[in-house]
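coords.json follows (JSON, C-alpha atoms and all ligand atoms):
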[["chain", "number", "residue", "atom", "x", "y", "z"],
["A", 22, "MET", "CA", 1.24, 32.04, 30.67],
["A", 23, "ASN", "CA", 0.75, 28.67, 32.27],
["A", 24, "THR", "CA", 3.52, 26.32, 31.16],
["A", 25, "LYS", "CA", 2.54, 23.20, 33.03],
["A", 26, "ASN", "CA", 2.29, 20.02, 31.00],
["A", 27, "VAL", "CA", -0.79, 18.11, 31.95],
["A", 28, "ALA", "CA", -1.75, 14.53, 31.20],
["A", 29, "VAL", "CA", -5.21, 13.11, 31.63],
["A", 30, "ILE", "CA", -4.69, 9.35, 31.59],
["A", 31, "VAL", "CA", -7.76, 7.17, 31.67],
["A", 32, "HIS", "CA", -8.97, 3.64, 31.42],
["A", 33, "SER", "CA", -12.43, 3.59, 29.90],
["A", 34, "GLN", "CA", -14.23, 0.51, 28.66],
["A", 35, "THR", "CA", -17.48, 2.00, 27.39],
["A", 36, "GLY", "CA", -16.49, 5.65, 27.10],
["A", 37, "ASN", "CA", -17.99, 7.20, 30.25],
["A", 38, "THR", "CA", -14.68, 7.95, 31.95],
["A", 39, "PHE", "CA", -13.19, 9.08, 28.66],
["A", 40, "SER", "CA", -16.00, 11.60, 28.13],
["A", 41, "VAL", "CA", -15.29, 13.18, 31.53],
["A", 42, "ALA", "CA", -11.62, 13.33, 30.59],
["A", 43, "GLU", "CA", -12.48, 15.10, 27.35],
["A", 44, "ARG", "CA", -14.53, 17.69, 29.24],
["A", 45, "LEU", "CA", -11.68, 18.31, 31.65],
["A", 46, "LYS", "CA", -9.16, 18.50, 28.83],
["A", 47, "ASP", "CA", -11.21, 21.17, 27.02],
["A", 48, "MET", "CA", -11.46, 23.23, 30.20],
["A", 49, "LEU", "CA", -7.73, 23.03, 30.82],
["A", 50, "ILE", "CA", -6.89, 23.97, 27.27],
["A", 51, "GLU", "CA", -9.11, 27.03, 27.61],
["A", 52, "LYS", "CA", -6.90, 28.03, 30.54],
["A", 53, "GLY", "CA", -3.87, 27.86, 28.30],
["A", 54, "LEU", "CA", -2.40, 24.60, 29.52],
["A", 55, "ASN", "CA", -0.77, 21.94, 27.35],
["A", 56, "VAL", "CA", -2.90, 18.86, 27.79],
["A", 57, "ASP", "CA", -2.48, 15.33, 26.47],
["A", 58, "LEU", "CA", -5.40, 12.96, 26.82],
["A", 59, "GLU", "CA", -4.31, 9.33, 26.87],
["A", 60, "ARG", "CA", -6.60, 6.33, 26.94],
["A", 61, "LEU", "CA", -5.17, 3.02, 28.12],
["A", 62, "LYS", "CA", -5.71, 0.39, 25.49],
["A", 63, "THR", "CA", -8.31, -2.19, 26.31],
["A", 64, "GLU", "CA", -7.81, -5.62, 24.85],
["A", 65, "GLU", "CA", -10.27, -8.42, 24.54],
["A", 66, "ASN", "CA", -8.25, -10.54, 26.91],
["A", 67, "GLU", "CA", -7.56, -7.96, 29.58],
["A", 68, "MET", "CA", -6.03, -10.43, 32.03],
["A", 69, "GLU", "CA", -3.41, -11.48, 29.50],
["A", 70, "TYR", "CA", -2.73, -7.83, 28.67],
["A", 71, "ILE", "CA", -2.29, -6.98, 32.35],
["A", 72, "LYS", "CA", 0.04, -9.93, 32.88],
["A", 73, "LYS", "CA", 2.29, -8.56, 30.16],
["A", 74, "ILE", "CA", 1.79, -4.88, 31.01],
["A", 75, "LYS", "CA", 5.52, -4.29, 31.49],
["A", 76, "GLU", "CA", 6.09, -5.14, 27.82],
["A", 77, "LYS", "CA", 3.33, -2.86, 26.54],
["A", 78, "SER", "CA", 3.69, 0.61, 25.18],
["A", 79, "LEU", "CA", 1.87, 2.75, 27.73],
["A", 80, "PRO", "CA", 1.40, 6.49, 28.25],
["A", 81, "ASP", "CA", 4.55, 7.91, 29.81],
["A", 82, "ALA", "CA", 3.47, 9.71, 32.98],
["A", 83, "ALA", "CA", 7.05, 10.70, 33.79],
["A", 84, "LYS", "CA", 7.13, 13.58, 31.32],
["A", 85, "TYR", "CA", 4.23, 15.52, 32.89],
["A", 86, "ASP", "CA", 4.03, 18.02, 35.76],
["A", 87, "VAL", "CA", 0.39, 17.29, 36.46],
["A", 88, "ILE", "CA", -1.44, 14.01, 35.96],
["A", 89, "VAL", "CA", -5.12, 13.24, 36.27],
["A", 90, "PHE", "CA", -5.89, 9.53, 36.45],
["A", 91, "GLY", "CA", -9.43, 8.40, 35.67],
["A", 92, "ALA", "CA", -10.96, 4.92, 35.67],
["A", 93, "PRO", "CA", -14.20, 3.02, 35.99],
["A", 94, "VAL", "CA", -15.21, 1.14, 39.11],
["A", 95, "ASN", "CA", -15.22, -2.58, 38.45],
["A", 96, "ALA", "CA", -16.38, -5.22, 40.91],
["A", 97, "PHE", "CA", -16.58, -2.71, 43.78],
["A", 98, "THR", "CA", -13.05, -1.46, 43.32],
["A", 99, "LEU", "CA", -10.63, 0.15, 40.88],
["A", 100, "SER", "CA", -10.50, -1.35, 37.37],
["A", 101, "MET", "CA", -7.71, -3.88, 37.14],
["A", 102, "LEU", "CA", -6.07, -2.18, 34.19],
["A", 103, "MET", "CA", -5.74, 1.18, 35.95],
["A", 104, "LYS", "CA", -4.48, -0.60, 39.05],
["A", 105, "ALA", "CA", -1.82, -2.41, 37.02],
["A", 106, "TYR", "CA", -0.89, 0.79, 35.17],
["A", 107, "LEU", "CA", -0.45, 2.76, 38.38],
["A", 108, "LYS", "CA", 1.54, -0.02, 39.98],
["A", 109, "GLN", "CA", 4.07, -0.13, 37.19],
["A", 110, "GLN", "CA", 4.85, 3.59, 37.48],
["A", 111, "ARG", "CA", 8.33, 4.34, 38.74],
["A", 112, "SER", "CA", 8.10, 7.54, 40.81],
["A", 113, "LEU", "CA", 5.45, 10.23, 40.77],
["A", 114, "ALA", "CA", 7.31, 12.37, 43.31],
["A", 115, "GLY", "CA", 7.11, 16.11, 42.67],
["A", 116, "LYS", "CA", 4.07, 15.84, 40.42],
["A", 117, "LYS", "CA", 0.59, 17.11, 41.09],
["A", 118, "VAL", "CA", -1.78, 14.15, 40.88],
["A", 119, "LEU", "CA", -5.59, 14.09, 40.89],
["A", 120, "CYS", "CA", -7.85, 11.06, 40.50],
["A", 121, "PHE", "CA", -11.44, 10.35, 39.61],
["A", 122, "VAL", "CA", -13.64, 7.36, 38.96],
["A", 123, "THR", "CA", -16.99, 6.80, 37.31],
["A", 124, "MET", "CA", -19.43, 4.21, 38.59],
["A", 125, "ALA", "CA", -22.95, 2.96, 37.90],
["A", 126, "PHE", "CA", -24.26, 2.20, 41.36],
["A", 127, "PRO", "CA", -25.91, 5.00, 43.34],
["A", 128, "LYS", "CA", -23.70, 5.11, 46.43],
["A", 129, "PRO", "CA", -19.97, 5.75, 46.66],
["A", 130, "TRP", "CA", -19.54, 2.88, 49.09],
["A", 131, "LEU", "CA", -20.55, 0.49, 46.29],
["A", 132, "GLY", "CA", -17.05, 0.63, 44.89],
["A", 133, "GLY", "CA", -16.20, 4.30, 44.34],
["A", 134, "ASN", "CA", -14.67, 4.94, 47.72],
["A", 135, "ARG", "CA", -12.63, 1.75, 47.52],
["A", 136, "ALA", "CA", -11.41, 2.57, 44.03],
["A", 137, "ILE", "CA", -10.30, 6.04, 45.09],
["A", 138, "ALA", "CA", -8.63, 4.67, 48.22],
["A", 139, "LYS", "CA", -6.71, 2.24, 46.02],
["A", 140, "MET", "CA", -5.58, 5.00, 43.66],
["A", 141, "LYS", "CA", -4.44, 7.11, 46.60],
["A", 142, "LYS", "CA", -2.59, 4.20, 48.14],
["A", 143, "ILE", "CA", -0.74, 3.26, 44.98],
["A", 144, "CYS", "CA", 0.10, 6.92, 44.23],
["A", 145, "GLY", "CA", 1.33, 7.25, 47.84],
["A", 146, "SER", "CA", 3.63, 4.29, 47.28],
["A", 147, "LYS", "CA", 5.03, 6.19, 44.27],
["A", 148, "GLY", "CA", 5.91, 9.21, 46.39],
["A", 149, "VAL", "CA", 2.96, 11.52, 45.85],
["A", 150, "THR", "CA", -0.08, 12.59, 47.85],
["A", 151, "VAL", "CA", -3.15, 12.88, 45.64],
["A", 152, "LYS", "CA", -4.39, 16.48, 45.67],
["A", 153, "ASP", "CA", -8.05, 15.95, 44.92],
["A", 154, "THR", "CA", -10.40, 13.15, 43.99],
["A", 155, "GLY", "CA", -13.88, 12.75, 42.60],
["A", 156, "ILE", "CA", -16.51, 10.07, 42.14],
["A", 157, "ILE", "CA", -19.07, 10.39, 39.39],
["A", 158, "ASN", "CA", -22.19, 8.28, 39.59],
["A", 159, "TRP", "CA", -23.17, 7.76, 35.99],
["A", 160, "ASN", "CA", -26.83, 7.06, 36.65],
["A", 161, "ASN", "CA", -27.42, 10.02, 38.91],
["A", 162, "PRO", "CA", -29.84, 12.56, 37.41],
["A", 163, "LYS", "CA", -27.35, 15.24, 38.47],
["A", 164, "ARG", "CA", -24.52, 13.62, 36.56],
["A", 165, "GLU", "CA", -23.86, 16.61, 34.34],
["A", 166, "GLU", "CA", -23.60, 18.89, 37.36],
["A", 167, "MET", "CA", -21.21, 16.44, 38.98],
["A", 168, "ILE", "CA", -19.01, 16.35, 35.90],
["A", 169, "ASN", "CA", -18.96, 20.12, 35.62],
["A", 170, "GLU", "CA", -18.21, 20.53, 39.29],
["A", 171, "ILE", "CA", -15.37, 18.05, 39.38],
["A", 172, "SER", "CA", -13.89, 19.38, 36.13],
["A", 173, "GLN", "CA", -14.01, 22.93, 37.46],
["A", 174, "ARG", "CA", -12.52, 21.93, 40.80],
["A", 175, "PHE", "CA", -9.71, 19.95, 39.17],
["A", 176, "CYS", "CA", -9.10, 22.82, 36.78],
["A", 177, "ASP", "CA", -8.78, 25.28, 39.68],
["A", 178, "GLU", "CA", -6.39, 22.99, 41.51],
["A", 179, "ILE", "CA", -4.26, 22.38, 38.44],
["A", 180, "CYS", "CA", -4.04, 26.09, 37.64],
["A", 181, "ARG", "CA", -3.13, 27.01, 41.20],
["A", 182, "GLN", "CA", 0.41, 28.27, 41.37],
["A", 183, "GLN", "CA", 3.06, 26.81, 43.68],
["A", 184, "PRO", "CA", 3.05, 26.17, 46.57],
["A", 185, "PHE", "CA", 0.35, 23.63, 45.88],
["A", 186, "SER", "CA", -2.59, 23.63, 48.24],
["A", 187, "ALA", "CA", -2.83, 21.02, 50.95],
["A", 188, "GLY", "CA", -4.25, 17.67, 49.81],
["A", 189, "ARG", "CA", -8.01, 17.53, 49.58],
["A", 190, "ASN", "CA", -10.12, 14.53, 48.87],
["A", 191, "THR", "CA", -13.72, 15.32, 48.41],
["A", 192, "GLU", "CA", -16.06, 12.82, 46.91],
["A", 193, "MET", "CA", -18.67, 13.92, 44.44],
["A", 194, "ILE", "CA", -21.75, 12.18, 45.81],
["A", 201, "LIG", "C1", -17.31, -5.65, 34.70],
["A", 201, "LIG", "C2", -17.93, -4.41, 35.29],
["A", 201, "LIG", "C3", -18.01, -4.30, 36.66],
["A", 201, "LIG", "C4", -18.59, -3.15, 37.22],
["A", 201, "LIG", "N1", -18.65, -3.03, 38.58],
["A", 201, "LIG", "C5", -19.20, -1.93, 39.13],
["A", 201, "LIG", "C6", -19.27, -1.76, 40.55],
["A", 201, "LIG", "O1", -18.82, -2.59, 41.32],
["A", 201, "LIG", "N2", -19.83, -0.62, 41.04],
["A", 201, "LIG", "C7", -20.35, 0.34, 40.22],
["A", 201, "LIG", "O2", -20.88, 1.34, 40.72],
["A", 201, "LIG", "N3", -20.29, 0.23, 38.87],
["A", 201, "LIG", "C8", -19.73, -0.87, 38.31],
["A", 201, "LIG", "N4", -19.65, -0.99, 36.95],
["A", 201, "LIG", "C9", -20.15, 0.11, 36.10],
["A", 201, "LIG", "C10", -19.03, 1.04, 35.62],
["A", 201, "LIG", "O3", -18.17, 1.41, 36.67],
["A", 201, "LIG", "C11", -19.62, 2.32, 35.04],
["A", 201, "LIG", "O4", -20.54, 2.02, 34.04],
["A", 201, "LIG", "C12", -18.53, 3.22, 34.51],
["A", 201, "LIG", "O5", -19.03, 4.52, 34.31],
["A", 201, "LIG", "C13", -17.96, 2.70, 33.19],
["A", 201, "LIG", "O6", -16.96, 3.58, 32.75],
["A", 201, "LIG", "P1", -16.30, 3.44, 31.30],
["A", 201, "LIG", "O7", -17.41, 3.66, 30.30],
["A", 201, "LIG", "O8", -15.31, 4.54, 31.27],
["A", 201, "LIG", "O9", -15.71, 2.09, 31.21],
["A", 201, "LIG", "C14", -19.09, -2.12, 36.38],
["A", 201, "LIG", "C15", -19.00, -2.27, 34.98],
["A", 201, "LIG", "C16", -18.44, -3.40, 34.44],
["A", 201, "LIG", "C17", -18.36, -3.55, 32.94]]

Would you mind giving the structure from this file in structure tokens?
Amino acid sequence: MNTKNVAVIVHSQTGNTFSVAERLKDMLIEKGLNVDLERLKTEENEMEYIKKIKEKSLPDAAKYDVIVFGAPVNAFTLSMLMKAYLKQQRSLAGKKVLCFVTMAFPKPWLGGNRAIAKMKKICGSKGVTVKDTGIINWNNPKREEMINEISQRFCDEICRQQPFSAGRNTEMI
């Protein structure tokens, strides 16, 4: 039996990123993992919320062995809320971390790559190398295939027994 505790923690304004997270969660549960899906709260005044993020009640990443972070691309980079959430983490050392983003524009260089680079950098500063990443272009006609592929790939990586495989960062587009 697989006893890893997995968290899928996402920021999702309009639900796209959350729907990918739900797909991944279902796949992981089928494999027998314990999975919590957490959605960061979005407030009307996001800037004010972010300013006070330290006082907010946020998903506790510390209690999980594996964490998948997901977020939308905003203004050609990572959404500010996910950035703030990742930055206020204490240590992620010893955890298996995977990251994905969803975006509307057709090319990963229109924000996806930058968002992923930011997630990797912040996670690195918290003591962990991100194991795998994915970018999902929401308007691509092959979106469903992309979601299935990334979910399957993440699922395989999460279910892999120790020692964890070497870091891999393959974009989806
Ligand atoms: C304020 C704002 C800025 C955005 N900036 C970008 C961008 O720079 N590049 C891009 O590809 N998509 C951009 N998008 C589109 C979102 O990344 C895309 O629709 C994403 O799938 C939304 O995910 P969500 O439904 O989980 O919030 C932007 C959306 C919003 C609302």

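CA of Ile179 in chain A is positioned 11.6 Å from CA of Asn55 in chain A.
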
CA of Thr154 in chain A to atom C1 of ligand LIG 201 (chain A), distance in Å rounded to a single decimal: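 Interatomic distance, CA of Thr154 in chain A to atom C1 of ligand LIG 201 (chain A): 22.1 Å.
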
Surrounding residues of Glu43 in chain A excluding itself and chain neighbours under 2 positions, 12 Å, all atoms listed in the file, as a list in words: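 Those residues are Ala28, Val29, Ile30, Val31, Ser33, Gly36, Asn37, Thr38, Phe39, Ser40, Val41, Leu45, Lys46, Asp47, Met48, Leu49, Ile50, Val56, Asp57, Leu58, Glu59, Arg60, Val89, Gly91, Ile168, Asn169 and Ser172 of chain A.
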
Please report, as a Markdown table, each residue of chain A lying at most 6 Å from ligand LIG 201 (chain A), together with the nearest pair of atoms and the separation in Å rounded to one decimal; use all atoms listed in the file, and order rows by chain and ascending residue number.
| residue | atom | partner | partner_atom | distance |
| --- | --- | --- | --- | --- |
| A:Ser33 | CA | A:LIG201 | O8 | 3.3 |
| A:Gln34 | CA | A:LIG201 | O9 | 3.3 |
| A:Thr35 | CA | A:LIG201 | O7 | 3.4 |
| A:Gly36 | CA | A:LIG201 | O7 | 3.9 |
| A:Asn37 | CA | A:LIG201 | O7 | 3.6 |
| A:Thr38 | CA | A:LIG201 | O8 | 3.5 |
| A:Phe39 | CA | A:LIG201 | O8 | 5.6 |
| A:Pro93 | CA | A:LIG201 | O6 | 4.3 |
| A:Val94 | CA | A:LIG201 | O3 | 3.8 |
| A:Asn95 | CA | A:LIG201 | N1 | 3.5 |
| A:Ala96 | CA | A:LIG201 | O1 | 3.6 |
| A:Phe97 | CA | A:LIG201 | O1 | 3.3 |
| A:Thr123 | CA | A:LIG201 | O5 | 4.3 |
| A:Met124 | CA | A:LIG201 | O3 | 3.6 |
| A:Ala125 | CA | A:LIG201 | O2 | 3.9 |
| A:Phe126 | CA | A:LIG201 | O2 | 3.5 |
| A:Leu131 | CA | A:LIG201 | N2 | 5.4 |
| A:Gly132 | CA | A:LIG201 | N2 | 4.9 |
| A:Trp159 | CA | A:LIG201 | O5 | 5.5 |

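For the set A:Thr150, A:Pro127, A:Arg111, A:Ile137, the residue with the smallest atom-to-atom gap to Arg164 in chain A is A:Pro127, counting only C-alpha atoms.
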
Spatial neighbours of Met101 in chain A, 12 Å, all atoms listed in the file, chain gap at least 6 places, as a list in words: His32, Ser33, Gln34, Leu61, Thr63, Glu67, Met68, Glu69, Tyr70, Ile71, Lys72, Ile74, Ala92, Pro93, Val94, Asn95, Leu107, Lys108, Ala136, Lys139 and Met140 of chain A

Close residues, Tyr85 in chain A itself excluded, 9 Å, only C-alpha atoms, min 5 positions apart in chain, as a PyMOL selection string: chain A and resi 25-28+116

Nearest residue to Ile143 in chain A from the set A:Asn160, A:Gln173, A:Gln110, A:Thr24 (distances using all atoms listed in the file):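 Nearest to Ile143 in chain A: A:Gln110.
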
Atom-to-atom span, CA of Gly115 in chain A and CA of Cys144 in chain A, Å: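 Straight-line distance from CA of Gly115 in chain A to CA of Cys144 in chain A works out to 11.7 Å.
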
Point (-8.3, 10.2, 42.4) neighbourhood (7 Å, all atoms listed in the file) written as a PyMOL selection string: chain A and resi 90+119-122+137+140-141+151+153-155

Residue nearest Cys176 in chain A among A:Glu64, A:Val87, A:Ala82, A:Lys75 (counting all atoms listed in the file):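 Of the candidates, the smallest distance to Cys176 in chain A is held by A:Val87.
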
Selected residue of minimal separation from Gln109 in chain A among A:Lys52, A:Lys147, A:Lys163, A:Lys62, counting only C-alpha atoms: A:Lys147

A:Asp86, A:Ile157, A:Lys117, A:Leu102 ranked by distance to Gly133 in chain A, top pick (using only C-alpha atoms):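 Residue with the minimum atom-to-atom distance to Gly133 in chain A: A:Ile157.
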